[in-house]
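What follows is final00.pdb (PDB, C-alpha atoms, pLDDT in the B column).
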```pdb
ATOM      1  CA  MET L1031      28.346  18.754  -6.244  1.00 53.00           C
ATOM      2  CA  SER L1032      25.880  18.042  -8.990  1.00 53.00           C
ATOM      3  CA  ILE L1033      22.736  16.007  -8.407  1.00 52.00           C
ATOM      4  CA  GLN L1034      24.122  13.349 -10.730  1.00 52.00           C
ATOM      5  CA  SER L1035      27.363  12.947  -8.751  1.00 69.00           C
ATOM      6  CA  LYS L1036      25.437  13.012  -5.434  1.00 73.00           C
ATOM      7  CA  ASN L1037      23.218  10.194  -6.718  1.00 85.00           C
ATOM      8  CA  ALA L1038      26.292   8.285  -7.909  1.00 91.00           C
ATOM      9  CA  ILE L1039      27.855   8.506  -4.432  1.00 94.00           C
ATOM     10  CA  ASP L1040      24.547   7.535  -2.789  1.00 95.00           C
ATOM     11  CA  LEU L1041      24.346   4.472  -5.045  1.00 96.00           C
ATOM     12  CA  LEU L1042      27.985   3.576  -4.403  1.00 96.00           C
ATOM     13  CA  LEU L1043      27.469   3.770  -0.636  1.00 98.00           C
ATOM     14  CA  SER L1044      24.230   1.778  -0.806  1.00 97.00           C
ATOM     15  CA  GLU L1045      25.810  -0.987  -2.894  1.00 97.00           C
ATOM     16  CA  SER L1046      28.730  -1.159  -0.476  1.00 98.00           C
ATOM     17  CA  PHE L1047      26.351  -1.312   2.491  1.00 98.00           C
ATOM     18  CA  LYS L1048      24.209  -4.031   0.888  1.00 98.00           C
ATOM     19  CA  GLU L1049      27.245  -6.164   0.030  1.00 97.00           C
ATOM     20  CA  ILE L1050      28.535  -5.987   3.598  1.00 98.00           C
ATOM     21  CA  ALA L1051      25.053  -6.638   5.049  1.00 97.00           C
ATOM     22  CA  VAL L1052      24.905  -9.979   3.259  1.00 95.00           C
ATOM     23  CA  THR L1053      27.799 -11.255   5.393  1.00 95.00           C
ATOM     24  CA  LYS L1054      27.476  -9.195   8.579  1.00 95.00           C
ATOM     25  CA  PRO L1055      24.543  -8.109  10.782  1.00 94.00           C
ATOM     26  CA  ILE L1056      23.556  -4.539   9.941  1.00 95.00           C
ATOM     27  CA  GLU L1057      23.839  -3.382  13.549  1.00 94.00           C
ATOM     28  CA  LYS L1058      27.543  -4.383  13.511  1.00 95.00           C
ATOM     29  CA  ILE L1059      28.454  -2.669  10.238  1.00 96.00           C
ATOM     30  CA  THR L1060      30.598   0.423  10.692  1.00 97.00           C
ATOM     31  CA  ILE L1061      30.687   3.538   8.547  1.00 97.00           C
ATOM     32  CA  LYS L1062      34.397   2.874   7.979  1.00 97.00           C
ATOM     33  CA  GLU L1063      33.593  -0.534   6.494  1.00 98.00           C
ATOM     34  CA  ILE L1064      31.023   1.031   4.169  1.00 98.00           C
ATOM     35  CA  THR L1065      33.362   3.801   3.031  1.00 97.00           C
ATOM     36  CA  ASP L1066      36.369   1.483   2.653  1.00 97.00           C
ATOM     37  CA  LYS L1067      34.356  -0.882   0.454  1.00 97.00           C
ATOM     38  CA  ALA L1068      33.001   2.060  -1.557  1.00 96.00           C
ATOM     39  CA  GLY L1069      36.476   3.557  -1.949  1.00 95.00           C
ATOM     40  CA  VAL L1070      35.564   6.915  -0.411  1.00 95.00           C
ATOM     41  CA  ILE L1071      36.569   8.713   2.775  1.00 95.00           C
ATOM     42  CA  ARG L1072      34.374   8.850   5.893  1.00 95.00           C
ATOM     43  CA  PRO L1073      33.478  12.543   5.518  1.00 96.00           C
ATOM     44  CA  THR L1074      31.975  11.674   2.122  1.00 95.00           C
ATOM     45  CA  PHE L1075      29.531   9.338   3.851  1.00 96.00           C
ATOM     46  CA  TYR L1076      28.511  12.041   6.324  1.00 96.00           C
ATOM     47  CA  ASN L1077      27.988  14.513   3.479  1.00 95.00           C
ATOM     48  CA  HIS L1078      25.265  12.164   2.234  1.00 95.00           C
ATOM     49  CA  PHE L1079      23.852  10.352   5.259  1.00 97.00           C
ATOM     50  CA  GLN L1080      23.681  10.895   8.995  1.00 97.00           C
ATOM     51  CA  ASP L1081      24.228   7.208   9.769  1.00 97.00           C
ATOM     52  CA  LYS L1082      23.755   3.707   8.315  1.00 97.00           C
ATOM     53  CA  TYR L1083      20.075   3.745   9.283  1.00 97.00           C
ATOM     54  CA  GLU L1084      19.473   6.827   7.177  1.00 97.00           C
ATOM     55  CA  LEU L1085      21.256   4.978   4.350  1.00 98.00           C
ATOM     56  CA  LEU L1086      18.897   2.006   4.875  1.00 97.00           C
ATOM     57  CA  GLU L1087      15.963   4.420   4.785  1.00 97.00           C
ATOM     58  CA  TRP L1088      17.311   5.858   1.506  1.00 97.00           C
ATOM     59  CA  ILE L1089      17.545   2.339   0.031  1.00 98.00           C
ATOM     60  CA  VAL L1090      13.931   1.557   0.980  1.00 98.00           C
ATOM     61  CA  GLN L1091      12.741   4.884  -0.416  1.00 98.00           C
ATOM     62  CA  THR L1092      14.646   4.813  -3.708  1.00 97.00           C
ATOM     63  CA  GLU L1093      14.448   1.100  -4.489  1.00 96.00           C
ATOM     64  CA  LEU L1094      11.004   0.144  -3.214  1.00 97.00           C
ATOM     65  CA  ILE L1095       8.810   3.203  -2.683  1.00 97.00           C
ATOM     66  CA  ASP L1096       9.792   5.685  -5.413  1.00 97.00           C
ATOM     67  CA  PRO L1097       9.173   3.235  -8.289  1.00 97.00           C
ATOM     68  CA  MET L1098       5.720   2.434  -6.868  1.00 95.00           C
ATOM     69  CA  ASP L1099       4.550   6.051  -6.799  1.00 94.00           C
ATOM     70  CA  PRO L1100       3.982   6.669 -10.537  1.00 95.00           C
ATOM     71  CA  MET L1101       2.596   3.161 -11.033  1.00 95.00           C
ATOM     72  CA  ILE L1102      -0.028   3.762  -8.344  1.00 92.00           C
ATOM     73  CA  ASP L1103      -0.889   7.100  -9.981  1.00 92.00           C
ATOM     74  CA  GLN L1104      -1.586   5.163 -13.188  1.00 94.00           C
ATOM     75  CA  GLY L1105      -3.873   2.727 -11.370  1.00 89.00           C
ATOM     76  CA  GLN L1106      -1.304  -0.073 -11.396  1.00 92.00           C
ATOM     77  CA  LEU L1107      -1.260  -0.951  -7.710  1.00 90.00           C
ATOM     78  CA  LYS L1108      -0.850  -4.677  -8.296  1.00 92.00           C
ATOM     79  CA  GLU L1109       2.026  -4.073 -10.731  1.00 95.00           C
ATOM     80  CA  ALA L1110       3.657  -1.680  -8.255  1.00 94.00           C
ATOM     81  CA  VAL L1111       3.614  -4.315  -5.524  1.00 95.00           C
ATOM     82  CA  VAL L1112       4.884  -7.008  -7.919  1.00 96.00           C
ATOM     83  CA  ASN L1113       7.710  -4.676  -8.943  1.00 96.00           C
ATOM     84  CA  ALA L1114       8.759  -4.005  -5.321  1.00 97.00           C
ATOM     85  CA  LEU L1115       8.621  -7.679  -4.336  1.00 97.00           C
ATOM     86  CA  THR L1116      10.533  -8.682  -7.459  1.00 97.00           C
ATOM     87  CA  LEU L1117      13.269  -6.212  -6.606  1.00 97.00           C
ATOM     88  CA  MET L1118      13.403  -7.566  -3.066  1.00 98.00           C
ATOM     89  CA  SER L1119      13.657 -11.134  -4.350  1.00 97.00           C
ATOM     90  CA  LYS L1120      16.543 -10.179  -6.657  1.00 97.00           C
ATOM     91  CA  GLU L1121      18.421  -8.922  -3.605  1.00 97.00           C
ATOM     92  CA  LYS L1122      17.097 -11.644  -1.333  1.00 97.00           C
ATOM     93  CA  GLU L1123      20.205 -12.016   0.852  1.00 97.00           C
ATOM     94  CA  PHE L1124      20.223  -8.312   1.682  1.00 97.00           C
ATOM     95  CA  TYR L1125      16.514  -8.063   2.464  1.00 97.00           C
ATOM     96  CA  VAL L1126      16.526 -11.236   4.564  1.00 97.00           C
ATOM     97  CA  LYS L1127      19.343  -9.711   6.643  1.00 96.00           C
ATOM     98  CA  ALA L1128      17.644  -6.294   6.730  1.00 97.00           C
ATOM     99  CA  VAL L1129      14.415  -7.801   8.099  1.00 96.00           C
ATOM    100  CA  ARG L1130      16.414  -9.241  11.022  1.00 95.00           C
ATOM    101  CA  LEU L1131      17.350  -5.734  12.156  1.00 94.00           C
ATOM    102  CA  GLU L1132      15.290  -5.024  15.258  1.00 90.00           C
ATOM    103  CA  GLY L1133      14.615  -2.151  17.613  1.00 86.00           C
ATOM    104  CA  GLN L1134      14.679   1.522  16.761  1.00 85.00           C
ATOM    105  CA  ASN L1135      15.521   2.076  13.083  1.00 91.00           C
ATOM    106  CA  SER L1136      14.515  -1.476  12.215  1.00 95.00           C
ATOM    107  CA  PHE L1137      13.778  -2.351   8.615  1.00 96.00           C
ATOM    108  CA  LYS L1138      10.156  -2.978   9.592  1.00 96.00           C
ATOM    109  CA  GLU L1139       9.846   0.457  11.205  1.00 96.00           C
ATOM    110  CA  ILE L1140      11.400   2.134   8.163  1.00 97.00           C
ATOM    111  CA  LEU L1141       9.229   0.181   5.714  1.00 97.00           C
ATOM    112  CA  VAL L1142       6.002   0.959   7.596  1.00 97.00           C
ATOM    113  CA  GLN L1143       6.943   4.653   7.776  1.00 97.00           C
ATOM    114  CA  LYS L1144       7.734   4.866   4.058  1.00 97.00           C
ATOM    115  CA  VAL L1145       4.613   2.951   2.974  1.00 96.00           C
ATOM    116  CA  THR L1146       2.504   5.115   5.297  1.00 96.00           C
ATOM    117  CA  GLU L1147       3.955   8.248   3.679  1.00 96.00           C
ATOM    118  CA  LEU L1148       3.228   6.861   0.208  1.00 95.00           C
ATOM    119  CA  ILE L1149      -0.390   6.062   1.109  1.00 93.00           C
ATOM    120  CA  LEU L1150      -0.839   9.482   2.729  1.00 91.00           C
ATOM    121  CA  LYS L1151       0.297  11.113  -0.514  1.00 91.00           C
ATOM    122  CA  LYS L1152      -2.507   9.273  -2.299  1.00 88.00           C
ATOM    123  CA  LEU L1153      -5.268   9.983   0.232  1.00 82.00           C
ATOM    124  CA  ASP L1154      -7.235  13.207   0.241  1.00 74.00           C
ATOM    125  CA  SER L1155      -7.624  14.098   3.925  1.00 69.00           C
ATOM    126  CA  ARG L1156     -10.566  16.414   3.323  1.00 71.00           C
ATOM    127  CA  LYS L1157     -12.490  13.808   1.377  1.00 74.00           C
ATOM    128  CA  ILE L1158     -11.898  11.225   4.098  1.00 74.00           C
ATOM    129  CA  GLN L1159     -13.329  13.612   6.686  1.00 74.00           C
ATOM    130  CA  GLU L1160     -16.301  14.378   4.408  1.00 76.00           C
ATOM    131  CA  LYS L1161     -17.121  10.786   3.456  1.00 78.00           C
ATOM    132  CA  ILE L1162     -16.320   8.909   6.667  1.00 78.00           C
ATOM    133  CA  THR L1163     -18.442   9.774   9.661  1.00 80.00           C
ATOM    134  CA  TYR L1164     -15.888   8.641  12.232  1.00 80.00           C
ATOM    135  CA  PRO L1165     -13.712  11.623  13.192  1.00 81.00           C
ATOM    136  CA  TRP L1166     -11.170   9.300  14.812  1.00 84.00           C
ATOM    137  CA  LEU L1167     -10.539   7.628  11.435  1.00 83.00           C
ATOM    138  CA  THR L1168      -8.116  10.166   9.995  1.00 86.00           C
ATOM    139  CA  ALA L1169      -6.079   9.892   6.821  1.00 85.00           C
ATOM    140  CA  ARG L1170      -2.975   9.158   8.920  1.00 90.00           C
ATOM    141  CA  ARG L1171      -4.671   6.354  10.879  1.00 90.00           C
ATOM    142  CA  THR L1172      -6.049   4.899   7.653  1.00 88.00           C
ATOM    143  CA  ALA L1173      -2.609   5.014   6.017  1.00 91.00           C
ATOM    144  CA  GLU L1174      -0.914   3.520   9.083  1.00 94.00           C
ATOM    145  CA  PHE L1175      -3.470   0.695   9.245  1.00 92.00           C
ATOM    146  CA  PHE L1176      -3.000  -0.303   5.609  1.00 91.00           C
ATOM    147  CA  ALA L1177       0.779   0.200   5.727  1.00 94.00           C
ATOM    148  CA  SER L1178       1.113  -1.927   8.870  1.00 94.00           C
ATOM    149  CA  THR L1179      -0.997  -4.703   7.384  1.00 91.00           C
ATOM    150  CA  PHE L1180       0.824  -4.654   4.056  1.00 92.00           C
ATOM    151  CA  CYS L1181       4.267  -4.495   5.673  1.00 94.00           C
ATOM    152  CA  TYR L1182       3.418  -7.297   8.103  1.00 94.00           C
ATOM    153  CA  ALA L1183       2.703  -9.554   5.127  1.00 93.00           C
ATOM    154  CA  VAL L1184       5.866  -8.475   3.305  1.00 96.00           C
ATOM    155  CA  ILE L1185       8.009  -9.078   6.398  1.00 96.00           C
ATOM    156  CA  GLN L1186       6.428 -12.509   6.914  1.00 95.00           C
ATOM    157  CA  TRP L1187       7.127 -13.348   3.260  1.00 97.00           C
ATOM    158  CA  VAL L1188      10.779 -12.316   3.627  1.00 97.00           C
ATOM    159  CA  GLU L1189      11.191 -14.148   6.955  1.00 96.00           C
ATOM    160  CA  ASP L1190       9.785 -17.262   5.282  1.00 96.00           C
ATOM    161  CA  GLY L1191      12.618 -17.066   2.773  1.00 96.00           C
ATOM    162  CA  MET L1192      10.513 -15.587  -0.051  1.00 97.00           C
ATOM    163  CA  ARG L1193       9.405 -19.124  -0.928  1.00 96.00           C
ATOM    164  CA  VAL L1194       5.868 -18.160  -1.882  1.00 96.00           C
ATOM    165  CA  PRO L1195       5.709 -16.977  -5.518  1.00 97.00           C
ATOM    166  CA  ILE L1196       5.260 -13.227  -5.856  1.00 97.00           C
ATOM    167  CA  ASP L1197       1.997 -13.579  -7.792  1.00 95.00           C
ATOM    168  CA  ASP L1198       0.572 -15.670  -4.936  1.00 94.00           C
ATOM    169  CA  VAL L1199       1.651 -13.092  -2.347  1.00 93.00           C
ATOM    170  CA  VAL L1200       0.029 -10.310  -4.380  1.00 93.00           C
ATOM    171  CA  GLY L1201      -3.087 -12.474  -4.799  1.00 90.00           C
ATOM    172  CA  VAL L1202      -3.299 -12.762  -1.008  1.00 87.00           C
ATOM    173  CA  PHE L1203      -2.968  -8.955  -0.666  1.00 84.00           C
ATOM    174  CA  VAL L1204      -5.789  -8.437  -3.150  1.00 83.00           C
ATOM    175  CA  PHE L1205      -7.966 -11.099  -1.498  1.00 85.00           C
ATOM    176  CA  LEU L1206      -7.491  -9.566   1.960  1.00 82.00           C
ATOM    177  CA  ALA L1207      -8.041  -6.048   0.619  1.00 79.00           C
ATOM    178  CA  VAL L1208     -11.435  -6.873  -0.859  1.00 82.00           C
ATOM    179  CA  ASN L1209     -12.696  -9.266   1.815  1.00 83.00           C
ATOM    180  CA  SER L1210     -13.389  -8.316   5.399  1.00 82.00           C
ATOM    181  CA  PRO L1211     -12.951 -10.780   8.257  1.00 85.00           C
ATOM    182  CA  VAL L1212     -16.769 -11.095   8.300  1.00 89.00           C
ATOM    183  CA  ASP L1213     -16.721 -12.054   4.585  1.00 85.00           C
ATOM    184  CA  MET L1214     -14.073 -14.669   5.279  1.00 84.00           C
ATOM    185  CA  ILE L1215     -16.017 -16.184   8.185  1.00 89.00           C
ATOM    186  CA  GLU L1216     -19.114 -16.418   5.989  1.00 87.00           C
ATOM    187  CA  MET L1217     -17.071 -18.083   3.204  1.00 86.00           C
ATOM    188  CA  LEU L1218     -15.872 -20.728   5.625  1.00 84.00           C
ATOM    189  CA  GLU L1219     -19.274 -21.609   7.060  1.00 82.00           C
TER     190      GLU L1219
END
```

Take the structure I supplied and represent it as structure tokens, if you would.
Amino acid sequence: MSIQSKNAIDLLLSESFKEIAVTKPIEKITIKEITDKAGVIRPTFYNHFQDKYELLEWIVQTELIDPMDPMIDQGQLKEAVVNALTLMSKEKEFYVKAVRLEGQNSFKEILVQKVTELILKKLDSRKIQEKITYPWLTARRTAEFFASTFCYAVIQWVEDGMRVPIDDVVGVFVFLAVNSPVDMIEMLE
């Protein structure tokens, strides 16, 4: 199977999954429902994904994370975040349902993992160890801290129905990124 036809099947399965997720909780969606809607047989699904959670992980990676990567490399962090949030808002019903998925393989867990991996790709572990005098503060812990904080805000935004304009959400990210809690306390005095 060519890469192009594999990607076409992946997209077909993801679109089928997202359409079903709008009307049914993700934890109750079956592989048969996904394949029936996509017009493929069950073995086709398993040739591409282990389960629906791996499919959800693929959606997060290809739709949200992969487009951010080159933008961040070009110094366009704000634009990368705007792009991801805009995509989420265009598929609002799906992402609102996805955020409700709890437990192991939750959307939150997947998002934090994928954002952590993206940040780790951008951090130079050796330079962190050279420049930061706290051995406990590793590249992984740094990435997990920022990913958890970022993803918490994204999840809150989605749970709130994405009512806050994207530019305002990004403005909050930037404000929190450049101001410590101490700075904020001093501002409010």

Report task. Could you tell me which of L:Leu1117, L:Val1199, L:Met1101, L:Ile1215 comes closest to Leu1148 (chain L) if we count all atoms listed in the file? Result ->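 Checking each candidate against Leu1148 (chain L), we get L:Met1101 as the closest.
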
Around region 1081-1085 of chain L, with edges along x, y and z and 3 Å added on all six sides, what centre and edge lengths do you get, in Å to one decimal, as AutoDock Vina command-line options?
```
--center_x 21.9 --center_y 5.5 --center_z 7.1 --size_x 10.8 --size_y 9.5 --size_z 11.4
```

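Checking L:Ala1183, L:Val1142, L:Ala1173, L:Val1204 one by one against Asp1154 (chain L), counting all atoms listed in the file, you find the shortest gap at L:Ala1173.
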
Query raised in the report: Any idea what's packed within 12 Å of Ile1089 (chain L), counting all atoms listed in the file, ignoring anything in its chain fewer than 3 positions away? Could you give it as a ChimeraX atom specification?
Result: /L:1037,1040-1048,1079,1082-1086,1092-1097,1117-1118,1121,1124-1125,1128,1137,1140-1141,1144

Query - Atom pair CA of Val1145 (chain L) / CA of Gln1186 (chain L): separation (Å) - result: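 Separation between CA of Val1145 (chain L) and CA of Gln1186 (chain L): 16.1 Å.
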
**Report entry** the PyMOL selection byres ((chain L and resi 1200) around 12) applied to the shown file, residues as a list in words
**Finding:** Leu1107, Lys1108, Glu1109, Ala1110, Val1111, Val1112, Asn1113, Ala1114, Leu1115, Thr1116, Phe1180, Ala1183, Val1184, Trp1187, Val1194, Pro1195, Ile1196, Asp1197, Asp1198, Val1199, Gly1201, Val1202, Phe1203, Val1204, Phe1205, Leu1206 and Ala1207 of chain L

**Report entry** Between CA of Gln1104 (chain L) and CA of Leu1167 (chain L), distance in Å (one decimal)
**Finding:**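 Going from CA of Gln1104 (chain L) over to CA of Leu1167 (chain L), I get 26.3 Å.
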
Query raised in the report: Evaluating the PyMOL selection byres ((chain L and resi 1156) around 12) on the displayed file yields which residues, as a PyMOL selection string?
Result: chain L and resi 1150+1153-1155+1157-1162+1165+1167-1170

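Distances here use only C-alpha atoms; by that measure, the residue among L:His1078, L:Lys1036, L:Val1126, L:Asp1103 closest to Val1052 (chain L) is L:Val1126.
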
Query - Counting all atoms listed in the file, the residue of L:Glu1123, L:Ile1071, L:Trp1166, L:Lys1152 that sits nearest Thr1053 (chain L) - result: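 Once distances to Thr1053 (chain L) are computed over all atoms listed in the file, the minimum belongs to L:Glu1123.
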
Report task. Identify which of the residues L:Glu1147, L:Ile1056, L:Val1188, L:Gln1134 lies closest to Gln1091 (chain L), counting all atoms listed in the file when measuring atom-to-atom distances. Result ->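 The closest residue to Gln1091 (chain L) is L:Glu1147.
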
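Relative to CA of Ala1177 (chain L), CA of Asp1213 (chain L) is found at 21.4 Å.
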
**Report entry** Given all atoms listed in the file as the counted atoms, nearest of L:Gly1191, L:Pro1100, L:Pro1211, L:Gly1105 to Val1129 (chain L)
**Finding:**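 Smallest separation from Val1129 (chain L) among the options: L:Gly1191.
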